[in-house]
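Below is one structure, written out as structure tokens; comments come after it.
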Amino acid sequence: MISQAGIEQVLATFSPHLHLVDVQGWLTPVQQQALHALAALTRGPVLEIGPWIGRSTCCLARGLLLRSERMPGDRVVSIELNPDDSYFRRNADGDVEFWCPGDTEMRGIAKADLFDTHAAPVISSPGGIVARLKETLARHHLQHLVEIIVGDFKDVLPVARYGLIFSDVCHTPYEIERMVAGLRPVLTPGTLLCCHDTTPENRDALEQAIAYDWTTMSGSLHIGMIGEA
Ligand SMILES: C[S@@+](CC[C@H](N)C(=O)[O-])C[C@H]1O[C@@H](n2cnc3c(N)ncnc32)[C@H](O)[C@@H]1O
């Protein structure tokens, strides 16, 4: 099993020159390299929750290509909700909140200009986010490495032994609580769970909810090895 020191050393030195400027997204170049390295270092299928139009998906899939040995079934299983306009609410400042059916709190918020420039045109285009995700993977010749599943991950999650789980549905403690509940069946000892946009408050929420063997940070990526509950 990979050690914390091993992961930290690789994250500090690994530089595959991966910087996907042609796929809009929120991962910094360093975070893209971190995902690339983690997918290369782990074993088994990779689970991704929340690919948007594929910046993180490309990093993970290209990491699979670096593995010295790739087993049948090693792929990125990428689950995207593909929300329509009804999931987004504008607040008094014009910023846009993300709510799922039945929620009692928002799960995240985007500045009005960012939402209007980047998100709204994708969400309202034919096929929405998933159509753009497929287009990105085809353009990067990675579609054979990615299985796309459309839906709320808690309803459609394939239960398997994943070496690496990357989650981009963890923007608030409220969303983290729902993420952890939905992911429980696949949070098995030895799996690496990597969560984006981790503030100190979100880090506390993650580490209170999940029994980790160890955790570390790379920028706002929270990386932890699942331990025995
Ligand atoms: C911040 S974006 C992801 C950005 C992307 N990982 C990147 O690298 O650019 C979050 C994504 O998660 C999706 N999402 C939110 N809640 C979800 C859920 N419950 N199940 C599956 N996908 C979800 C959203 O539709 C959105 O595409």
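How things are named: the first chain in the structure tokens is A, the next is B, and so on; residues count from 1 in each chain; ligands count from 1 in the order shown.
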
Next on the checklist: Distance limit 7 Å, reference ligand 1, atoms considered: only C-alpha atoms and all ligand atoms. Which residues make the cut? Give them as a VMD selection string.
Outcome noted: chain A and resid 24 to 27 49 to 57 79 to 83 129 151 to 154 168 to 169

Store the residues picked out above, limited to N, CA and C atoms, as a short mmCIF file (atom, residue, chain, number, x, y, z; two decimals), in the first residue's frame.
data_model
loop_
_atom_site.label_atom_id
_atom_site.label_comp_id
_atom_site.auth_asym_id
_atom_site.auth_seq_id
_atom_site.Cartn_x
_atom_site.Cartn_y
_atom_site.Cartn_z
N GLN A 24 -12.19 24.08 -19.99
CA GLN A 24 -12.54 24.99 -18.89
C GLN A 24 -12.78 24.19 -17.61
N GLY A 25 -12.30 24.71 -16.50
CA GLY A 25 -12.48 24.02 -15.22
C GLY A 25 -11.79 24.80 -14.13
N TRP A 26 -11.79 24.21 -12.93
CA TRP A 26 -11.33 24.95 -11.76
C TRP A 26 -10.07 24.38 -11.14
N LEU A 27 -9.51 23.30 -11.70
CA LEU A 27 -8.28 22.72 -11.14
C LEU A 27 -7.08 23.53 -11.61
N ILE A 49 -16.41 11.73 -8.98
CA ILE A 49 -17.74 12.29 -8.78
C ILE A 49 -17.68 13.77 -9.15
N GLY A 50 -18.41 14.15 -10.21
CA GLY A 50 -18.46 15.56 -10.60
C GLY A 50 -17.39 15.95 -11.59
N PRO A 51 -17.43 15.42 -12.82
CA PRO A 51 -16.39 15.74 -13.80
C PRO A 51 -16.55 17.10 -14.48
N TRP A 52 -17.78 17.70 -14.40
CA TRP A 52 -18.07 18.89 -15.20
C TRP A 52 -17.73 18.56 -16.65
N ILE A 53 -16.98 19.38 -17.38
CA ILE A 53 -16.75 19.05 -18.80
C ILE A 53 -15.42 18.35 -19.03
N GLY A 54 -14.78 17.87 -17.94
CA GLY A 54 -13.71 16.90 -18.15
C GLY A 54 -12.28 17.29 -17.88
N ARG A 55 -12.03 18.46 -17.28
CA ARG A 55 -10.63 18.79 -17.00
C ARG A 55 -10.03 17.75 -16.06
N SER A 56 -10.70 17.50 -14.95
CA SER A 56 -10.17 16.51 -13.99
C SER A 56 -10.20 15.10 -14.58
N THR A 57 -11.21 14.80 -15.39
CA THR A 57 -11.32 13.47 -15.98
C THR A 57 -10.12 13.18 -16.88
N ILE A 79 -19.05 10.01 -12.71
CA ILE A 79 -20.50 10.19 -12.51
C ILE A 79 -20.85 11.68 -12.50
N GLU A 80 -21.73 12.05 -13.41
CA GLU A 80 -22.12 13.46 -13.55
C GLU A 80 -23.64 13.59 -13.44
N LEU A 81 -24.08 14.48 -12.59
CA LEU A 81 -25.52 14.74 -12.37
C LEU A 81 -26.20 15.32 -13.61
N ASN A 82 -25.46 16.12 -14.37
CA ASN A 82 -26.00 16.81 -15.56
C ASN A 82 -27.24 17.64 -15.19
N PRO A 83 -27.08 18.54 -14.22
CA PRO A 83 -28.25 19.30 -13.75
C PRO A 83 -28.78 20.27 -14.81
N ILE A 129 -24.03 19.37 -19.72
CA ILE A 129 -22.64 19.13 -19.31
C ILE A 129 -22.10 17.84 -19.95
N GLY A 151 -26.31 10.86 -13.54
CA GLY A 151 -27.27 10.81 -12.44
C GLY A 151 -26.65 11.33 -11.16
N ASP A 152 -27.47 11.35 -10.10
CA ASP A 152 -26.94 11.70 -8.78
C ASP A 152 -26.14 10.49 -8.29
N PHE A 153 -24.88 10.70 -7.92
CA PHE A 153 -24.00 9.55 -7.63
C PHE A 153 -24.59 8.65 -6.55
N LYS A 154 -25.38 9.23 -5.64
CA LYS A 154 -25.89 8.40 -4.54
C LYS A 154 -26.88 7.35 -5.07
N ASP A 168 -15.52 16.01 -6.49
CA ASP A 168 -15.65 17.47 -6.62
C ASP A 168 -17.07 17.88 -6.21
N VAL A 169 -17.62 17.14 -5.25
CA VAL A 169 -18.96 17.48 -4.70
C VAL A 169 -18.82 17.62 -3.19
#

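Of the residues in range 51-210 of chain A, those that DSSP places in strand (DSSP E or B) on the basis of the backbone are A:Val76, A:Val77, A:Ser78, A:Ile79, A:Glu80, A:Phe88, A:Arg89, A:Arg90, A:Val96, A:Glu97, A:Phe98, A:Gly108, A:Ile109, A:Ala110, A:Val146, A:Glu147, A:Ile148, A:Ile149, A:Val150, A:Leu164, A:Ile165, A:Phe166, A:Ser167, A:Leu192, A:Leu193, A:Cys194, A:Cys195.
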
Checklist entry - Closest to Gly127 in chain A among A:Val150, A:Met106, A:Ala112, A:Leu38, using only C-alpha atoms? => result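 Result for the nearest residue to Gly127 in chain A: A:Val150.
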
Checklist entry - Which polymer residues have any atom within 10 Å of an atom of Val159 in chain A, counting only C-alpha atoms, with same-chain residues fewer than 6 positions away left out, as a ChimeraX atom specification? => result /A:183-187

Next on the checklist: If I take CA of Leu221 in chain A and CA of Gln4 in chain A, how far is one from the other in Å, to one decimal?
Outcome noted: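 For CA of Leu221 in chain A relative to CA of Gln4 in chain A, the distance reads 14.5 Å.
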
Checklist entry - Between A:Asn202, A:Ser86, A:Ser125, A:Asn91, which is the closest to Ala110 in chain A once you count only C-alpha atoms? => result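 Among the listed residues, A:Asn91 lies closest to Ala110 in chain A.
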
Checklist entry - Smallest atom-to-atom distance to Leu64 in chain A: which of A:Ala181, A:Ala39, A:Ala209, A:Ala92, using only C-alpha atoms? => result A:Ala39
